[in-house]
Amino acid sequence: MSLQRRSVLALVLVAVTATAQAGSYEDFFTAIRRDDGAAISALLRRGFDPNTRDPKGQVGLSMALQLESHNAFMALMGARQLNVEARNAQDESPLMLAAIKGNIEAVKALIARDADINKPGWTALHYAASGTTPEHTRILALLLENHAYIDAASPNGSTPLMMAAQYGTREALQLLLDEGADPALKNQLGLTATDFALRVSRSEAAEVIATAIRRRQPNRGKW
């Protein structure tokens, strides 16, 4: 075979490979949107990278969680080379997204794959504490059972207790207090969990915190 023919053949192979990869790329994200776990598994068996990002920088695992594509999520979790710590542009991990969605089964699966519960900055515990359903409180308890740092500080110093005080359920707030969250901590603006509750007129939450503070104070003898 002449050098010229070999060069042409090489260019054709490159073009065919590039076209196949482009098609697989589109198929991958389409399968996630359609929650087609079988299609994703087929792509992964052919060697497609499960950590591929879309044009906006989003990885497939995070997209599946946001779209609540359960079958797609489970297919991706079956890939050995999956990076469960891949972050999006907001530094959110898949575990954080599962927590804010109230998806306890996804949280369990990610913990089983050694997802980082105590990443610096905003954590899954902050996100679970912000939720408004019983599932969020269950996730909160699960994270604590797996050694989540209860007073984790966000970049501005806010804690999960502060998130629960402003956004979460009474049960989540009480759970954090019962497990030892510090109600006296302040963020960079000097706000406590009580302040977080009061600024959205959650007087009941503020009273729950006040009761916890009183119980923590040492008993004083009577004169």
# chains A, B, ... in the order shown; residues from 1 in each chain; ligands from 1
$ residues_around --residues "region 26-35 of chain A" --least-positions-apart "5" --cutoff "9 Å" --atoms "only C-alpha atoms" --output "PyMOL selection string"
chain A and resi 21+40+43+48+50+52+54+60-61+63-64+67-73
$ select_by_dssp --residues "chain A" --states "helix (DSSP H, G or I)" --output "MDAnalysis selection string"
chainID A and resid 3:33 37:45 60:66 70:77 94:100 104:112 124:129 134:145 160:166 170:178 193:198 203:216
$ closest_atom_pairs --of "region 48-119 of chain A" --to "region 139-146 of chain A" --cutoff "8 Å" --atoms "only C-alpha atoms" --output "tab-separated table"
residue	atom	partner	partner_atom	distance
A:Ala99	CA	A:Ile139	CA	6.7
A:Gly102	CA	A:Ile139	CA	7.1
A:Ile104	CA	A:Ile139	CA	5.8
A:Val107	CA	A:Ile139	CA	7.4
A:Ile117	CA	A:Leu143	CA	7.2
$ write_last_selection --atoms "N, CA and C atoms" --output "short mmCIF file (atom, residue, chain, number, x, y, z; two decimals), in the first residue's frame"
data_model
loop_
_atom_site.label_atom_id
_atom_site.label_comp_id
_atom_site.auth_asym_id
_atom_site.auth_seq_id
_atom_site.Cartn_x
_atom_site.Cartn_y
_atom_site.Cartn_z
N ALA A 99 -28.90 15.04 48.60
CA ALA A 99 -29.42 15.47 49.89
C ALA A 99 -30.51 16.52 49.72
N GLY A 102 -33.76 15.20 48.64
CA GLY A 102 -34.44 14.27 49.55
C GLY A 102 -34.39 12.84 49.07
N ILE A 104 -32.99 9.68 49.56
CA ILE A 104 -32.21 8.93 50.55
C ILE A 104 -31.54 7.71 49.95
N VAL A 107 -28.42 8.90 48.38
CA VAL A 107 -27.46 9.24 49.44
C VAL A 107 -26.79 7.97 49.96
N ILE A 117 -18.39 13.10 52.79
CA ILE A 117 -19.47 13.71 53.57
C ILE A 117 -19.05 15.07 54.11
#
$ residues_around --residues "Ala193 (chain A)" --least-positions-apart "3" --cutoff "10 Å" --atoms "only C-alpha atoms" --output "ChimeraX atom specification"
/A:158-166,173,182-187,196-198,205-206,209-210
$ write_last_selection --atoms "C-alpha atoms" --output "PDB file, in the first residue's frame"
ATOM      1  CA  SER A 158     -23.186  29.401  58.368  1.00  0.00           C
ATOM      2  CA  THR A 159     -23.911  26.032  59.964  1.00  0.00           C
ATOM      3  CA  PRO A 160     -26.463  23.301  59.225  1.00  0.00           C
ATOM      4  CA  LEU A 161     -28.370  24.424  62.344  1.00  0.00           C
ATOM      5  CA  MET A 162     -28.743  27.886  60.840  1.00  0.00           C
ATOM      6  CA  MET A 163     -30.087  26.356  57.617  1.00  0.00           C
ATOM      7  CA  ALA A 164     -32.591  24.274  59.559  1.00  0.00           C
ATOM      8  CA  ALA A 165     -33.652  27.325  61.571  1.00  0.00           C
ATOM      9  CA  GLN A 166     -34.505  29.329  58.466  1.00  0.00           C
ATOM     10  CA  LEU A 173     -33.887  21.481  63.884  1.00  0.00           C
ATOM     11  CA  ASP A 182     -23.996  24.546  68.918  1.00  0.00           C
ATOM     12  CA  PRO A 183     -26.755  27.196  68.874  1.00  0.00           C
ATOM     13  CA  ALA A 184     -24.376  29.917  70.036  1.00  0.00           C
ATOM     14  CA  LEU A 185     -22.194  29.894  66.923  1.00  0.00           C
ATOM     15  CA  LYS A 186     -22.228  32.979  64.678  1.00  0.00           C
ATOM     16  CA  ASN A 187     -21.517  33.316  60.983  1.00  0.00           C
ATOM     17  CA  PHE A 196     -31.776  32.999  61.084  1.00  0.00           C
ATOM     18  CA  ALA A 197     -35.156  31.879  62.423  1.00  0.00           C
ATOM     19  CA  LEU A 198     -36.337  35.337  63.437  1.00  0.00           C
ATOM     20  CA  ALA A 205     -38.076  27.622  65.586  1.00  0.00           C
ATOM     21  CA  ALA A 206     -36.504  30.417  67.636  1.00  0.00           C
ATOM     22  CA  ILE A 209     -33.450  26.947  69.955  1.00  0.00           C
ATOM     23  CA  ALA A 210     -33.993  29.070  73.075  1.00  0.00           C
TER      24      ALA A 210
END
$ residues_around --residues "Ala112 (chain A)" --least-positions-apart "6" --cutoff "12 Å" --atoms "only C-alpha atoms" --output "JSON, numbers by chain"
{"A": [77, 84, 95, 105, 106, 143, 146]}
$ closest_residue --among "A:Thr211, A:Asn118, A:Ser203, A:Asn103" --to "Leu177 (chain A)" --atoms "only C-alpha atoms"
A:Thr211
$ residues_around --residues "Ala79 (chain A)" --least-positions-apart "3" --cutoff "9 Å" --atoms "only C-alpha atoms" --output "compact mmCIF listing (two decimals) with N, CA and C atoms, in the first residue's frame"
# COMPACT_ATOMS: atom_id res chain seq x y z
N SER A 41 -25.94 1.99 30.15
CA SER A 41 -25.13 0.79 30.42
C SER A 41 -24.46 0.29 29.14
N LEU A 44 -21.53 2.53 28.35
CA LEU A 44 -20.43 2.29 29.28
C LEU A 44 -19.69 1.00 28.94
N PRO A 50 -17.94 7.62 31.97
CA PRO A 50 -19.11 8.05 32.75
C PRO A 50 -18.93 9.43 33.38
N ALA A 75 -27.48 3.24 36.67
CA ALA A 75 -26.60 2.73 35.62
C ALA A 75 -25.21 3.35 35.76
N LEU A 76 -25.16 4.64 36.03
CA LEU A 76 -23.88 5.32 36.20
C LEU A 76 -23.15 4.81 37.45
N LEU A 82 -16.38 5.60 37.76
CA LEU A 82 -17.18 6.79 38.06
C LEU A 82 -16.54 7.59 39.19
$ atom_distance --atom1 "CA of Gln217 (chain A)" --atom2 "CA of Arg170 (chain A)"
21.8 Å
$ decode --residues "region 92-188 of chain A" --atoms "C-alpha atoms" --output "PDB file, in the first residue's frame"
ATOM      1  CA  GLU A  92     -21.833  20.987  44.562  1.00  0.00           C
ATOM      2  CA  SER A  93     -21.068  17.291  44.811  1.00  0.00           C
ATOM      3  CA  PRO A  94     -23.522  14.549  43.786  1.00  0.00           C
ATOM      4  CA  LEU A  95     -24.038  13.790  47.501  1.00  0.00           C
ATOM      5  CA  MET A  96     -25.130  17.376  48.105  1.00  0.00           C
ATOM      6  CA  LEU A  97     -27.574  17.227  45.193  1.00  0.00           C
ATOM      7  CA  ALA A  98     -29.001  13.927  46.434  1.00  0.00           C
ATOM      8  CA  ALA A  99     -29.424  15.471  49.892  1.00  0.00           C
ATOM      9  CA  ILE A 100     -31.265  18.587  48.698  1.00  0.00           C
ATOM     10  CA  LYS A 101     -33.519  16.399  46.528  1.00  0.00           C
ATOM     11  CA  GLY A 102     -34.445  14.273  49.549  1.00  0.00           C
ATOM     12  CA  ASN A 103     -33.242  11.183  47.681  1.00  0.00           C
ATOM     13  CA  ILE A 104     -32.211   8.935  50.548  1.00  0.00           C
ATOM     14  CA  GLU A 105     -31.523   5.897  48.352  1.00  0.00           C
ATOM     15  CA  ALA A 106     -29.083   7.927  46.263  1.00  0.00           C
ATOM     16  CA  VAL A 107     -27.464   9.239  49.443  1.00  0.00           C
ATOM     17  CA  LYS A 108     -26.985   5.659  50.690  1.00  0.00           C
ATOM     18  CA  ALA A 109     -25.522   4.572  47.354  1.00  0.00           C
ATOM     19  CA  LEU A 110     -23.075   7.486  47.270  1.00  0.00           C
ATOM     20  CA  ILE A 111     -21.962   6.919  50.864  1.00  0.00           C
ATOM     21  CA  ALA A 112     -21.348   3.272  49.969  1.00  0.00           C
ATOM     22  CA  ARG A 113     -19.022   4.535  47.216  1.00  0.00           C
ATOM     23  CA  ASP A 114     -17.115   6.648  49.786  1.00  0.00           C
ATOM     24  CA  ALA A 115     -18.528  10.018  48.800  1.00  0.00           C
ATOM     25  CA  ASP A 116     -16.963  12.808  50.868  1.00  0.00           C
ATOM     26  CA  ILE A 117     -19.468  13.713  53.570  1.00  0.00           C
ATOM     27  CA  ASN A 118     -17.306  16.454  55.049  1.00  0.00           C
ATOM     28  CA  LYS A 119     -16.071  18.332  51.981  1.00  0.00           C
ATOM     29  CA  PRO A 120     -14.886  21.893  52.754  1.00  0.00           C
ATOM     30  CA  GLY A 121     -17.453  24.656  52.391  1.00  0.00           C
ATOM     31  CA  TRP A 122     -21.114  23.866  51.890  1.00  0.00           C
ATOM     32  CA  THR A 123     -21.818  20.237  52.714  1.00  0.00           C
ATOM     33  CA  ALA A 124     -24.521  17.639  52.244  1.00  0.00           C
ATOM     34  CA  LEU A 125     -25.522  18.256  55.865  1.00  0.00           C
ATOM     35  CA  HIS A 126     -26.267  21.924  55.095  1.00  0.00           C
ATOM     36  CA  TYR A 127     -28.389  20.837  52.146  1.00  0.00           C
ATOM     37  CA  ALA A 128     -30.294  18.170  54.062  1.00  0.00           C
ATOM     38  CA  ALA A 129     -30.950  20.616  56.901  1.00  0.00           C
ATOM     39  CA  SER A 130     -32.509  23.035  54.400  1.00  0.00           C
ATOM     40  CA  GLY A 131     -35.087  20.514  53.207  1.00  0.00           C
ATOM     41  CA  THR A 132     -38.763  20.559  54.102  1.00  0.00           C
ATOM     42  CA  THR A 133     -39.775  16.893  54.011  1.00  0.00           C
ATOM     43  CA  PRO A 134     -39.436  13.927  56.386  1.00  0.00           C
ATOM     44  CA  GLU A 135     -36.987  12.404  53.886  1.00  0.00           C
ATOM     45  CA  HIS A 136     -34.640  15.335  54.416  1.00  0.00           C
ATOM     46  CA  THR A 137     -34.650  14.702  58.162  1.00  0.00           C
ATOM     47  CA  ARG A 138     -33.915  11.024  57.557  1.00  0.00           C
ATOM     48  CA  ILE A 139     -30.976  12.000  55.352  1.00  0.00           C
ATOM     49  CA  LEU A 140     -29.787  14.361  58.069  1.00  0.00           C
ATOM     50  CA  ALA A 141     -29.778  11.480  60.558  1.00  0.00           C
ATOM     51  CA  LEU A 142     -28.029   9.186  58.069  1.00  0.00           C
ATOM     52  CA  LEU A 143     -25.273  11.711  57.421  1.00  0.00           C
ATOM     53  CA  LEU A 144     -24.730  12.197  61.143  1.00  0.00           C
ATOM     54  CA  GLU A 145     -24.540   8.430  61.614  1.00  0.00           C
ATOM     55  CA  ASN A 146     -21.764   8.466  59.030  1.00  0.00           C
ATOM     56  CA  HIS A 147     -19.743  11.068  60.920  1.00  0.00           C
ATOM     57  CA  ALA A 148     -20.885  14.278  59.260  1.00  0.00           C
ATOM     58  CA  TYR A 149     -19.452  17.254  61.155  1.00  0.00           C
ATOM     59  CA  ILE A 150     -22.516  18.740  62.827  1.00  0.00           C
ATOM     60  CA  ASP A 151     -21.212  22.319  63.034  1.00  0.00           C
ATOM     61  CA  ALA A 152     -19.694  22.421  59.542  1.00  0.00           C
ATOM     62  CA  ALA A 153     -19.078  25.996  58.445  1.00  0.00           C
ATOM     63  CA  SER A 154     -19.997  27.200  54.970  1.00  0.00           C
ATOM     64  CA  PRO A 155     -17.745  29.763  53.235  1.00  0.00           C
ATOM     65  CA  ASN A 156     -19.590  32.513  55.160  1.00  0.00           C
ATOM     66  CA  GLY A 157     -19.561  30.580  58.424  1.00  0.00           C
ATOM     67  CA  SER A 158     -23.186  29.401  58.368  1.00  0.00           C
ATOM     68  CA  THR A 159     -23.911  26.032  59.964  1.00  0.00           C
ATOM     69  CA  PRO A 160     -26.463  23.301  59.225  1.00  0.00           C
ATOM     70  CA  LEU A 161     -28.370  24.424  62.344  1.00  0.00           C
ATOM     71  CA  MET A 162     -28.743  27.886  60.840  1.00  0.00           C
ATOM     72  CA  MET A 163     -30.087  26.356  57.617  1.00  0.00           C
ATOM     73  CA  ALA A 164     -32.591  24.274  59.559  1.00  0.00           C
ATOM     74  CA  ALA A 165     -33.652  27.325  61.571  1.00  0.00           C
ATOM     75  CA  GLN A 166     -34.505  29.329  58.466  1.00  0.00           C
ATOM     76  CA  TYR A 167     -35.581  26.698  55.958  1.00  0.00           C
ATOM     77  CA  GLY A 168     -35.890  23.231  57.471  1.00  0.00           C
ATOM     78  CA  THR A 169     -38.437  21.317  59.487  1.00  0.00           C
ATOM     79  CA  ARG A 170     -38.869  21.470  63.242  1.00  0.00           C
ATOM     80  CA  GLU A 171     -37.831  17.807  63.357  1.00  0.00           C
ATOM     81  CA  ALA A 172     -34.557  18.569  61.562  1.00  0.00           C
ATOM     82  CA  LEU A 173     -33.887  21.481  63.884  1.00  0.00           C
ATOM     83  CA  GLN A 174     -34.584  19.369  66.955  1.00  0.00           C
ATOM     84  CA  LEU A 175     -32.453  16.498  65.667  1.00  0.00           C
ATOM     85  CA  LEU A 176     -29.448  18.762  65.204  1.00  0.00           C
ATOM     86  CA  LEU A 177     -29.876  20.248  68.669  1.00  0.00           C
ATOM     87  CA  ASP A 178     -30.310  16.826  70.251  1.00  0.00           C
ATOM     88  CA  GLU A 179     -27.145  15.609  68.513  1.00  0.00           C
ATOM     89  CA  GLY A 180     -25.113  18.500  69.897  1.00  0.00           C
ATOM     90  CA  ALA A 181     -25.211  21.308  67.322  1.00  0.00           C
ATOM     91  CA  ASP A 182     -23.996  24.546  68.918  1.00  0.00           C
ATOM     92  CA  PRO A 183     -26.755  27.196  68.874  1.00  0.00           C
ATOM     93  CA  ALA A 184     -24.376  29.917  70.036  1.00  0.00           C
ATOM     94  CA  LEU A 185     -22.194  29.894  66.923  1.00  0.00           C
ATOM     95  CA  LYS A 186     -22.228  32.979  64.678  1.00  0.00           C
ATOM     96  CA  ASN A 187     -21.517  33.316  60.983  1.00  0.00           C
ATOM     97  CA  GLN A 188     -19.395  36.043  59.429  1.00  0.00           C
TER      98      GLN A 188
END
